[in-house]
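Shown below: data.txt, with compact mmCIF, C-alpha atoms.
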# COMPACT_ATOMS: atom_id res chain seq x y z
CA MET A 244 133.26 144.93 72.88
CA LYS A 245 133.42 145.02 76.65
CA GLN A 246 129.80 146.08 76.70
CA MET A 247 128.85 143.16 74.49
CA LEU A 248 130.56 140.75 76.86
CA LEU A 249 128.81 142.27 79.84
CA ILE A 250 125.44 141.98 78.14
CA THR A 251 126.13 138.35 77.20
CA ALA A 252 127.20 137.55 80.75
CA LEU A 253 124.10 139.21 82.18
CA ALA A 254 121.89 137.39 79.71
CA LEU A 255 123.48 134.08 80.73
CA LEU A 256 123.00 134.83 84.40
CA ALA A 257 119.39 135.76 83.77
CA ALA A 258 118.85 132.49 81.89
CA CYS A 259 120.29 130.50 84.78
CA GLY A 260 118.11 132.20 87.33
CA GLN A 261 115.02 132.05 85.21
CA GLY A 262 113.37 129.09 86.90
CA GLY A 263 114.23 130.14 90.43
CA GLU A 264 115.74 127.83 93.00
CA ALA A 265 115.11 124.16 93.47
CA ASN A 266 112.53 123.58 96.18
CA ILE A 267 112.70 120.03 97.49
CA VAL A 268 110.01 118.40 99.60
CA VAL A 269 110.56 114.86 100.90
CA SER A 270 107.53 112.91 102.07
CA ASP A 271 106.05 109.46 102.60
CA ALA A 272 109.26 107.92 103.97
CA TRP A 273 108.75 104.33 105.04
CA ALA A 274 110.87 101.29 105.82
CA ARG A 275 110.33 97.58 106.22
CA PRO A 276 110.94 95.89 109.56
CA THR A 277 114.17 93.89 109.91
CA ARG A 278 115.53 91.11 112.10
CA GLY A 279 119.07 90.29 113.21
CA ASP A 280 121.82 92.14 111.35
CA ALA A 281 120.00 92.23 108.01
CA PRO A 282 120.10 95.57 106.19
CA GLY A 283 117.07 97.83 106.05
CA VAL A 284 115.32 99.51 103.17
CA VAL A 285 113.71 102.96 102.97
CA TYR A 286 111.45 104.32 100.25
CA VAL A 287 110.75 108.07 99.96
CA THR A 288 109.00 110.47 97.64
CA ILE A 289 111.03 113.50 96.54
CA GLN A 290 109.22 116.42 94.99
CA ASN A 291 110.98 119.33 93.33
CA LYS A 292 108.53 122.23 93.48
CA GLY A 293 111.16 124.71 92.32
CA GLY A 294 112.27 125.81 88.88
CA THR A 295 115.76 124.33 88.88
CA ASP A 296 116.75 120.69 88.53
CA ASP A 297 118.30 119.14 91.59
CA ARG A 298 120.11 115.93 92.46
CA LEU A 299 120.00 113.69 95.50
CA VAL A 300 123.67 113.36 96.42
CA SER A 301 123.68 111.30 99.60
CA VAL A 302 121.61 110.02 102.49
CA MET A 303 122.56 109.87 106.16
CA THR A 304 121.03 108.52 109.31
CA ASP A 305 122.29 108.10 112.81
CA HIS A 306 120.39 104.81 112.94
CA ALA A 307 122.74 102.95 110.56
CA ALA A 308 126.45 102.82 109.81
CA MET A 309 125.80 103.48 106.14
CA ALA A 310 122.92 104.65 103.99
CA MET A 311 123.21 104.20 100.23
CA VAL A 312 120.94 104.83 97.30
CA HIS A 313 120.59 101.56 95.44
CA GLN A 314 118.85 100.42 92.33
CA THR A 315 117.37 96.98 91.72
CA GLU A 316 117.74 95.98 88.11
CA MET A 317 115.85 93.08 86.59
CA SER A 318 117.01 91.28 83.50
CA ASN A 319 116.09 87.79 82.36
CA GLY A 320 114.32 87.29 85.67
CA VAL A 321 117.54 87.94 87.61
CA ALA A 322 117.52 90.72 90.22
CA ARG A 323 120.70 92.71 90.72
CA MET A 324 121.27 95.43 93.30
CA ARG A 325 123.71 98.20 92.43
CA MET A 326 124.73 101.62 93.73
CA ALA A 327 122.51 104.17 92.02
CA GLY A 328 124.78 107.24 92.04
CA GLU A 329 123.10 110.63 92.16
CA ILE A 330 119.36 110.73 91.55
CA ASN A 331 118.15 113.48 89.26
CA VAL A 332 115.04 115.34 90.43
CA PRO A 333 113.97 117.58 87.53
CA ALA A 334 112.28 120.91 88.22
CA GLY A 335 108.55 120.48 88.77
CA ASP A 336 108.89 116.72 88.87
CA SER A 337 108.77 114.11 91.61
CA ILE A 338 110.51 110.82 92.21
CA LYS A 339 108.58 108.15 94.09
CA MET A 340 110.73 105.25 95.22
CA VAL A 341 108.76 102.01 95.11
CA PRO A 342 109.70 98.43 96.02
CA GLY A 343 111.68 96.69 93.31
CA GLY A 344 113.39 99.82 91.99
CA THR A 345 115.38 102.70 93.45
CA HIS A 346 115.64 102.49 97.22
CA ILE A 347 117.78 103.58 100.15
CA MET A 348 119.62 100.70 101.77
CA LEU A 349 120.64 100.95 105.42
CA GLU A 350 123.66 98.82 106.25
CA GLY A 351 124.77 98.24 109.84
CA LEU A 352 121.55 99.16 111.62
CA ARG A 353 122.04 100.24 115.22
CA THR A 354 119.01 98.17 116.20
CA PRO A 355 116.63 96.16 114.00
CA LEU A 356 113.70 98.19 112.65
CA ARG A 357 110.40 97.35 114.27
CA THR A 358 106.93 98.01 112.88
CA GLY A 359 105.55 101.20 114.38
CA ASP A 360 108.97 102.72 115.12
CA SER A 361 110.25 105.82 113.39
CA PHE A 362 113.70 107.31 112.95
CA PRO A 363 115.19 110.41 111.29
CA LEU A 364 116.84 110.38 107.87
CA VAL A 365 118.72 113.25 106.21
CA LEU A 366 118.79 113.62 102.43
CA LYS A 367 121.49 115.82 100.93
CA PHE A 368 120.87 117.58 97.61
CA ARG A 369 123.21 119.39 95.24
CA GLU A 370 121.19 122.62 95.05
CA SER A 371 118.80 122.64 97.97
CA GLU A 372 119.31 122.52 101.68
CA GLU A 373 119.47 119.17 103.46
CA GLU A 374 116.06 117.67 104.02
CA ARG A 375 115.30 115.89 107.25
CA VAL A 376 112.48 113.38 107.24
CA SER A 377 110.98 110.94 109.72
CA VAL A 378 110.90 107.35 108.45
CA ARG A 379 107.98 105.21 109.57
CA VAL A 380 108.58 101.46 109.89
CA ALA A 381 105.60 99.79 108.21
CA GLU A 382 104.37 96.19 108.34
CA ALA A 383 106.58 93.56 106.66
CA ASP A 384 103.99 92.95 103.96
CA ALA A 385 103.52 96.62 103.03
CA GLN A 386 103.58 97.10 99.27
CA MET B 277 137.32 70.59 35.99
CA SER B 278 135.69 73.29 33.95
CA LEU B 279 135.77 76.88 35.05
CA LYS B 280 131.98 76.81 35.42
CA ARG B 281 132.15 73.94 37.91
CA LEU B 282 134.92 75.61 39.85
CA ARG B 283 132.86 78.79 40.10
CA LEU B 284 129.83 76.80 41.31
CA GLY B 285 131.99 75.01 43.86
CA LEU B 286 133.34 78.31 45.14
CA TRP B 287 129.82 79.72 45.51
CA VAL B 288 128.76 76.66 47.49
CA LEU B 289 131.77 77.22 49.73
CA VAL B 290 130.83 80.88 50.22
CA GLY B 291 127.30 79.80 51.11
CA LEU B 292 128.52 77.30 53.67
CA VAL B 293 130.83 79.84 55.30
CA ALA B 294 127.98 82.37 55.45
CA ALA B 295 125.62 79.81 57.02
CA GLY B 296 128.31 78.86 59.54
CA LEU B 297 128.80 82.51 60.42
CA VAL B 298 125.06 83.01 60.97
CA VAL B 299 124.89 79.97 63.28
CA PHE B 300 127.99 81.14 65.15
CA LEU B 301 126.63 84.69 65.67
CA TRP B 302 123.26 83.31 66.71
CA LYS B 303 124.92 81.10 69.34
CA GLN B 304 126.96 84.08 70.53
CA ALA B 305 123.82 86.18 70.93
CA GLU B 306 122.21 83.65 73.27
CA PRO B 307 122.17 84.81 76.91
CA GLN B 308 125.07 83.46 78.91
CA GLN B 309 123.22 83.02 82.18
CA PRO B 310 120.82 80.17 82.74
CA VAL B 311 117.23 81.12 82.08
CA PHE B 312 114.11 79.04 82.22
CA SER B 313 113.91 78.64 78.46
CA GLN B 314 117.09 76.58 78.57
CA THR B 315 115.61 74.16 81.04
CA SER B 316 113.01 71.66 80.00
CA LEU B 317 109.88 72.86 81.80
CA GLY B 318 108.78 69.36 82.71
CA THR B 319 111.92 68.79 84.75
CA ILE B 320 111.78 71.95 86.90
CA GLY B 321 111.64 71.01 90.56
CA GLY B 322 111.88 67.40 91.69
CA PRO B 323 112.65 65.91 95.08
CA PHE B 324 115.12 67.64 97.40
CA THR B 325 116.25 67.69 101.00
CA LEU B 326 117.16 70.94 102.72
CA THR B 327 117.16 72.30 106.27
CA ALA B 328 114.02 73.82 107.75
CA SER B 329 114.17 77.01 109.81
CA SER B 330 113.77 74.79 112.88
CA GLY B 331 117.16 73.24 112.04
CA LYS B 332 115.60 69.88 111.15
CA PRO B 333 115.95 68.25 107.71
CA PHE B 334 113.17 69.18 105.32
CA SER B 335 112.11 66.87 102.53
CA SER B 336 110.25 68.24 99.51
CA ALA B 337 107.72 65.46 100.16
CA GLU B 338 106.42 67.66 103.00
CA LEU B 339 105.14 70.06 100.34
CA ASN B 340 103.03 67.38 98.67
CA GLY B 341 99.26 67.67 98.80
CA ARG B 342 99.35 71.46 98.61
CA PRO B 343 100.35 73.81 95.77
CA ALA B 344 103.45 75.88 96.43
CA ALA B 345 105.00 79.18 95.36
CA VAL B 346 108.78 78.75 95.57
CA PHE B 347 111.04 81.79 95.76
CA PHE B 348 114.83 81.86 95.96
CA GLY B 349 116.39 84.79 97.86
CA PHE B 350 118.52 85.69 100.85
CA THR B 351 117.84 87.31 104.21
CA HIS B 352 120.24 90.23 103.62
CA CYS B 353 118.22 91.22 100.54
CA PRO B 354 116.38 94.40 101.53
CA ASP B 355 114.30 95.17 98.46
CA VAL B 356 113.33 92.40 96.03
CA CYS B 357 113.00 89.53 98.52
CA PRO B 358 110.67 91.16 101.06
CA THR B 359 108.73 92.72 98.21
CA THR B 360 108.20 89.33 96.57
CA ILE B 361 107.21 87.57 99.80
CA ALA B 362 104.88 90.47 100.67
CA ARG B 363 103.31 90.16 97.22
CA LEU B 364 102.82 86.40 97.59
CA THR B 365 101.19 86.70 101.02
CA LYS B 366 98.90 89.42 99.64
CA LEU B 367 97.95 87.31 96.60
CA ARG B 368 97.28 84.31 98.84
CA ARG B 369 94.91 86.45 100.90
CA GLU B 370 93.19 87.63 97.72
CA ILE B 371 92.51 84.06 96.64
CA GLY B 372 90.47 83.85 99.83
CA LYS B 373 91.00 80.17 100.60
CA GLY B 374 93.14 80.63 103.69
CA ASP B 375 96.83 80.04 104.37
CA ASP B 376 96.45 76.28 103.80
CA ALA B 377 95.56 76.79 100.13
CA LEU B 378 99.13 77.63 99.11
CA SER B 379 102.57 77.09 100.65
CA ILE B 380 104.93 80.03 100.27
CA VAL B 381 108.47 78.64 100.24
CA PHE B 382 111.59 80.78 100.62
CA ILE B 383 114.87 79.02 99.74
CA SER B 384 118.13 80.79 100.59
CA VAL B 385 120.76 81.26 97.88
CA ASP B 386 123.16 82.52 100.57
CA PRO B 387 123.74 79.40 102.72
CA GLU B 388 126.97 80.81 104.24
CA ARG B 389 125.10 83.63 106.00
CA ASP B 390 121.62 82.20 106.20
CA THR B 391 121.61 79.78 109.11
CA PRO B 392 118.28 78.15 109.95
CA ALA B 393 117.92 80.68 112.81
CA GLU B 394 118.45 83.63 110.42
CA VAL B 395 115.89 82.20 108.01
CA ASP B 396 113.49 81.61 110.90
CA ASN B 397 113.80 85.26 111.97
CA TYR B 398 113.29 86.44 108.43
CA THR B 399 110.19 84.43 107.63
CA LYS B 400 108.60 85.27 110.99
CA LEU B 401 108.52 88.96 109.98
CA TYR B 402 105.41 88.22 107.94
CA ASN B 403 101.99 87.99 109.47
CA SER B 404 101.39 84.95 107.35
CA PRO B 405 103.09 81.54 107.31
CA VAL B 406 106.19 81.26 105.10
CA ILE B 407 108.32 78.09 104.92
CA GLY B 408 111.98 79.13 105.11
CA LEU B 409 114.66 76.70 103.93
CA THR B 410 118.44 76.72 103.81
CA GLY B 411 121.10 74.02 103.55
CA THR B 412 124.73 73.28 102.87
CA PRO B 413 126.22 75.11 99.87
CA ALA B 414 126.21 71.78 97.98
CA GLN B 415 122.53 71.16 98.75
CA ILE B 416 121.60 74.69 97.67
CA GLU B 417 123.58 74.31 94.43
CA GLN B 418 121.72 71.10 93.70
CA VAL B 419 118.28 72.62 94.32
CA LYS B 420 119.17 75.71 92.27
CA LYS B 421 120.08 73.43 89.39
CA GLN B 422 116.80 71.50 89.73
CA PHE B 423 114.78 74.72 89.60
CA GLY B 424 116.88 76.42 86.89
CA VAL B 425 117.81 79.21 89.30
CA TYR B 426 120.84 81.45 88.89
CA SER B 427 122.68 83.21 91.71
CA ARG B 428 126.04 84.85 92.13
CA LYS B 429 127.74 86.63 95.03
CA VAL B 430 128.70 90.24 94.29
CA GLU B 431 131.11 92.18 96.50
CA GLN B 432 129.70 95.48 97.76
CA PRO B 433 131.81 98.67 97.59
CA GLY B 434 131.42 99.29 101.34
CA GLY B 435 132.36 95.71 102.27
CA GLY B 436 130.11 92.69 102.54
CA TYR B 437 128.31 91.23 99.59
CA SER B 438 124.99 91.07 97.84
CA VAL B 439 123.65 88.18 95.77
CA ASP B 440 122.34 88.52 92.23
CA HIS B 441 119.64 85.91 91.86
CA THR B 442 116.66 84.72 89.87
CA ALA B 443 113.66 86.51 91.35
CA THR B 444 111.05 84.62 89.36
CA VAL B 445 108.63 82.65 91.53
CA ILE B 446 108.11 79.00 90.58
CA LEU B 447 104.62 77.61 91.03
CA LEU B 448 104.18 73.92 91.75
CA ASP B 449 100.88 72.08 91.80
CA ARG B 450 99.80 69.92 94.72
CA ASN B 451 101.77 66.97 93.32
CA GLY B 452 104.97 69.00 93.23
CA GLN B 453 104.83 69.28 89.44
CA PHE B 454 105.90 72.53 87.77
CA SER B 455 102.87 74.61 86.77
CA SER B 456 104.10 78.08 85.79
CA THR B 457 106.20 81.03 86.90
CA LEU B 458 105.37 84.44 88.33
CA SER B 459 107.62 87.26 87.25
CA THR B 460 108.01 90.53 89.10
CA GLU B 461 106.93 92.45 86.02
CA GLU B 462 103.61 90.76 85.34
CA GLY B 463 100.53 92.28 86.86
CA ASN B 464 98.67 90.88 89.83
CA GLU B 465 95.71 89.90 87.67
CA VAL B 466 97.75 87.41 85.64
CA ALA B 467 99.43 86.24 88.84
CA LEU B 468 96.05 85.64 90.48
CA ASP B 469 94.85 83.63 87.49
CA LYS B 470 97.91 81.41 87.70
CA LEU B 471 97.50 80.95 91.44
CA ARG B 472 93.77 80.20 91.14
CA ARG B 473 94.58 77.49 88.61
CA ILE B 474 96.83 75.59 91.01
CA THR B 475 94.68 76.19 94.08
CA ALA B 476 91.40 75.27 92.38
Could you render the structure from this file as structure tokens?
Amino acid sequence: MKQMLLITALALLAACGQGGEANIVVSDAWARPTRGDAPGVVYVTIQNKGGTDDRLVSVMTDHAAMAMVHQTEMSNGVARMRMAGEINVPAGDSIKMVPGGTHIMLEGLRTPLRTGDSFPLVLKFRESEEERVSVRVAEADAQ
Amino acid sequence: MSLKRLRLGLWVLVGLVAAGLVVFLWKQAEPQQPVFSQTSLGTIGGPFTLTASSGKPFSSAELNGRPAAVFFGFTHCPDVCPTTIARLTKLRREIGKGDDALSIVFISVDPERDTPAEVDNYTKLYNSPVIGLTGTPAQIEQVKKQFGVYSRKVEQPGGGYSVDHTATVILLDRNGQFSSTLSTEEGNEVALDKLRRITA
């Protein structure tokens, strides 16, 4: 009986480890310029090259008081912005944030974002290590 | 009254109740928030007075003689508003008739925060002319009603607030008459066709 349990446990462990670890790569991080005390927006691409699903848990930057993952929802022509919660990044998949959907909102910017500037952003994942990325401030009319 | 008549009468009653129920449920199913379909298209727009980003009064008559793309938003809107204005400036470039061919008008739905100076800052971010307008809360309410636009303040978990708002762009011809709308979901090809029609 004990042996059976051990075998089952080992089999379970093997199943968990089958795909290997999550391997997160964050790229193409860009922001729009801001003026005054208006919040900023950052879009990134998150790639999971590993074999295990991962989740984006939180975002941090020294450049703003708060960084939050938000989601713009459209219904009946009305745009609503809401907290997005954790973002699932399935194994072997990638999430590209684009304007009008999931985005990172920066509230309480230390200084307004100016085209051509760049600043560091840290993305925290459930499985992988923290990812540090440099955000490039694009032109206001970047799409 | 014969039993037959009574039975018929009862069936008629059942039918009426059923019809009433259908109408009631149908009414219930209608969206609660104002959408364009509930506004007569011919009456969208109309004359208004707001405040320009210079701080001076702005009359809608100043838009006459040139078609306009009117968008309601707020300066603390990081995603949808800049994306929409960026899209409009790009589409205007694609039409290839210069900045004078189409006015891009941004009207604030957040008059408490959006002073003329804030709106001025916001619209100057773009490398292309954008007319930024704000006003008193009463003026904004009035213009929203004229354009069939919905907006509502929503408290944010970390303090402050965001504004849910109609993100559909309203296109007016050079006489200030409603022409059509541009939604965020429709492709740029359809949008370009609509813009070419009013700038022709």
| said: Applying 10 Å and all atoms listed in the file, which residues near Glu372 (chain A) remain after dropping the ones on its own chain fewer than 5 positions away? List them as an MDAnalysis selection string. | reply: chainID A and resid 265:267 366:367
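In this comparison, which uses all atoms listed in the file, the residue of B:Phe334, B:Tyr437, B:Phe324, B:Phe382 approaching Tyr398 (chain B) most closely is B:Phe382.
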| task | Provide as an NGL selection string the residues of chain B at most 7 Å from chain A, counting all atoms listed in the file. | result | :B and (311 or 351-352 or 354-356 or 359 or 362 or 397-398 or 401-402 or 440-444 or 459)
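Between CA of Thr457 (chain B) and CA of Arg389 (chain B) lies a distance of 27.0 Å.
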| said: Would you pick out the contacts of Pro333 (chain A) at 9 Å or less, using only C-alpha atoms, so that residues sharing its chain but fewer than 6 positions from it are not included, and give the list as a PyMOL selection string? | reply: chain A and resi 265+290-291+294-298
| field | Within 8 Å of Gly359 (chain A) using only C-alpha atoms, minus same-chain residues under 5 positions, as a ChimeraX atom specification | value | /A:379-382
Would you export the selected residues with C-alpha atoms as a tab-separated table (two decimals), in the frame of the given file, please?
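Result saved to part-v5.tsv:
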chain	number	residue	atom	x	y	z
A	379	ARG	CA	107.98	105.21	109.57
A	380	VAL	CA	108.58	101.46	109.89
A	381	ALA	CA	105.60	99.79	108.21
A	382	GLU	CA	104.37	96.19	108.34
| said: I'd like the contact shell of Glu329 (chain A) - 9 Å cut-off, all atoms listed in the file, skipping same-chain residues fewer than 5 positions apart - returned as number ranges by chain. | reply: A: 298-301, 312
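With CA of Pro392 (chain B) on one side and CA of Gln415 (chain B) on the other, the separation reads 13.9 Å.
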| task | Please provide the set of residues having any atom within 8 Å of Ile371 (chain B), restricted to only C-alpha atoms, with same-chain residues fewer than 2 positions apart removed, written as a ChimeraX atom specification. | result | /B:367-369,373-374,468,471-472
| Which distance in Å separates CA of Ile289 (chain A) and CA of Val268 (chain A), to one decimal? | 5.9 Å
Please write out, as JSON, where the centre of an axis-aligned box around all listed atoms of region 350-366 of chain A lies and how long its edges are, in Å to one decimal, after adding 3 Å on each side.
{"center_x": 115.2, "center_y": 104.9, "center_z": 109.3, "size_x": 25.2, "size_y": 23.5, "size_z": 19.8}
